[in-house]
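What follows is a set of notes on a single structure, which appears directly below.
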Amino acid sequence: MTQEFIRIQTDDFSVENETIKLRDTSKRIGGIVTFLGTARDFSKGQEINKMDFEHYPGMAEKRLGEIRDQALKDYDIIEVTIIHRVGEIAVGENIVLIIVGAEHRQDAFRACSWCIDELKRITPIWKKETTPKGVVWVEEHP
Amino acid sequence: MTQEFIRIQTDDFSVENETIKLRDTSKRIGGIVTFLGTARDFSKGQEINKMDFEHYPGMAEKRLGEIRDQALKDYDIIEVTIIHRVGEIAVGENIVLIIVGAEHRQDAFRACSWCIDELKRITPIWKKETTPKGVVWVEEHP
Amino acid sequence: MTVKVRFFAVLKSLVGKSELSLDVEKGISFGQILGKLKVDFPALDKIMKEGKILVSVNQDVVGADYLLKDGDEIAFLPPFAGGSATH
Amino acid sequence: MTVKVRFFAVLKSLVGKSELSLDVEKGISFGQILGKLKVDFPALDKIMKEGKILVSVNQDVVGADYLLKDGDEIAFLPPFAGGSATH
């Protein structure tokens, strides 16, 4: 079960398929809030050609599972999907997808926002940006 | 432009297509927050067989356009899509889709949440529920 | 002159129709026509006393002293319920 | 006994490798092995003084007095940057 809703993968994901999969887990779901993170073409004023994401296999998936479990415990929600891509990602492409299904929308909004904050805080994933000036490992501050 | 991002329609929408369409309007978009409202199988303890949505043509579209314009003015966001289905909708199906693209995720979360609140408040759309006990026009309180 | 009157959702069955054309004298105000409609449709009068019905003219909110023009569209709008099953 | 040491992201180039196997005496603590690695890799010592590197054992946080077992995996984790370009 968790395996299906928590993934780290190099391939792109389908927002549609993941949303429908989550929606169809329960007819009680009335509100679904999604966060989709995409690769921007500049960061801190620097133009970006591409990004590379690296993760600590095993630990990263474990953290995402912990985030899902904690969200299901702390918020009045029904299901959570968290998918993060790794490897090379071109500008404009998808990076991360978080989907939260709930009976009521306020809980879904709060939980989804919390999940992405927490993902950035505790998940061992790193980003290398290639710009015209060279390659740099990025430190982002949530 | 507005026409493309504001729609009232009987057909289902594709979350994927609408998300990609919005994402591709600007490479500055780094965070996309989506609210998808779906038809639940019960409401106020009553089992529901189907829902019918009716709208005031012209006025409903105008209101959605106003919500989009106001959100673009009040929040630091890049694009907004609002689609609401009308006509008969079965349990589990999609009803409403709001997509907000921004550089930074906090603004996208805030604007998306505001848009759905505002949609419920000012848009002339009504819902008829068919339950085993009969047909009732629903009054929802935001 | 003629104005159009529309009823939506639950009001359609309460009033028994979804729209009607009304021949009215020139210079009639929105307030006056509202009074006239309440007399013609007691069910409308009753539900409006409960205070939840919005009445628009040409899809906008107007004051009671608004003077109607030929072709204006008055609409009776019960409480909205768009935006999914969630609340 | 042998423990594995892994370096991620920027640390790979700073240290010059992504992982290594370390033969250590039984009963060595996490704190002792950290001290040893800082001597072996001055670049690691320098960046850790800036205080932003997390070090995990078997993918969890442990105290300096944790006693390493054969096959344990130590990992040096620079600040995370998952979750897209937004902040």
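So you can find residues: chains in the structure tokens are A, B, ... in the order shown, residues in each start at 1, and ligands are numbered from 1 in order.
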
Env of stretch 8-18 of chain C: 9 Å cut, atoms = only C-alpha atoms, seq-sep filter 3 positions within chain, self excluded. Answer as number ranges by chain. B: 54-56, 125-128, 136-138; C: 5, 41-44, 47, 75-78

Please, which residues in chain B fall within 10 Å of chain D when counting only C-alpha atoms, and what is the closest atom pair and distance in Å to one decimal for each, ordered by chain then residue number, as CSV?
residue,atom,partner,partner_atom,distance
B:Arg28,CA,D:Ala85,CA,9.8
B:Ile29,CA,D:Thr86,CA,8.7
B:Gly30,CA,D:Thr86,CA,5.4
B:Gly31,CA,D:Thr86,CA,6.2
B:Ile32,CA,D:Thr86,CA,10.0
B:Ala102,CA,D:Thr86,CA,8.9
B:Glu103,CA,D:Thr86,CA,6.3
B:His104,CA,D:Thr86,CA,5.0
B:Arg105,CA,D:Thr86,CA,6.2
B:Gln106,CA,D:His87,CA,8.3

Taking only stretch 47-141 of chain A into account, list the residues labelled alpha helix (DSSP H) by DSSP (computed from the backbone), as a PyMOL selection string. chain A and resi 59-74+105-122

Neighbouring residues of A:Lys62 were defined as those with any atom within 12 Å, considering only C-alpha atoms; residues of the same chain fewer than 2 positions away were excluded. Please report them as a short mmCIF file (atom, residue, chain, number, x, y, z; two decimals) with C-alpha atoms, in the first residue's frame.
data_model
loop_
_atom_site.label_atom_id
_atom_site.label_comp_id
_atom_site.auth_asym_id
_atom_site.auth_seq_id
_atom_site.Cartn_x
_atom_site.Cartn_y
_atom_site.Cartn_z
CA THR A 2 2.58 2.56 1.12
CA GLN A 3 4.81 1.45 -1.74
CA ILE A 6 5.40 6.75 -1.92
CA ARG A 7 7.93 6.67 -4.72
CA ILE A 8 11.30 7.99 -5.81
CA HIS A 55 19.02 10.87 -3.23
CA TYR A 56 20.09 8.50 -0.49
CA PRO A 57 18.31 5.32 -1.61
CA GLY A 58 16.36 3.68 1.16
CA MET A 59 16.59 6.61 3.56
CA ALA A 60 14.78 9.01 1.24
CA LEU A 64 8.67 10.09 2.59
CA GLY A 65 6.81 7.20 4.20
CA GLU A 66 7.22 8.83 7.62
CA ILE A 67 5.85 12.11 6.24
CA ARG A 68 2.82 10.30 4.81
CA ASP A 69 2.18 8.46 8.09
CA ILE A 82 4.31 11.58 -2.48
CA LEU A 119 9.82 16.88 2.54
CA ILE A 122 13.99 15.98 6.29
CA THR A 123 14.35 14.09 3.00
CA PRO A 124 17.92 13.31 1.84
CA ASN D 58 22.13 3.07 9.17
CA GLN D 59 19.94 5.93 7.93
CA ASP D 60 19.21 7.24 11.41
#

For chain A, report every residue with an atom at most 7 Å from chain B (counting only C-alpha atoms), formatted as a list in words. Val15, Glu16, Lys27, Arg28, Ile29, Gly30, Gly31, Ile32, Val33, Thr34, Phe35, Leu36, Gly37, Thr38, Ala39, Arg40, Asp41 and Gly92 of chain A

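The spacing separating atom CA of C:Val62 from atom CA of C:Gln32 amounts to 13.0 Å.
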
Report as an MDAnalysis selection string: the residues of stretch 12-134 of chain A with a DSSP assignment of strand (DSSP E), based on the backbone of this structure. chainID A and resid 31:38 42:43 46:47 50:55 79:85 87:90 94:102 125:131 134

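For the atom pair formed by atom CA of A:Ala111 and atom CA of A:Val80, the distance is 9.0 Å, given to one decimal.
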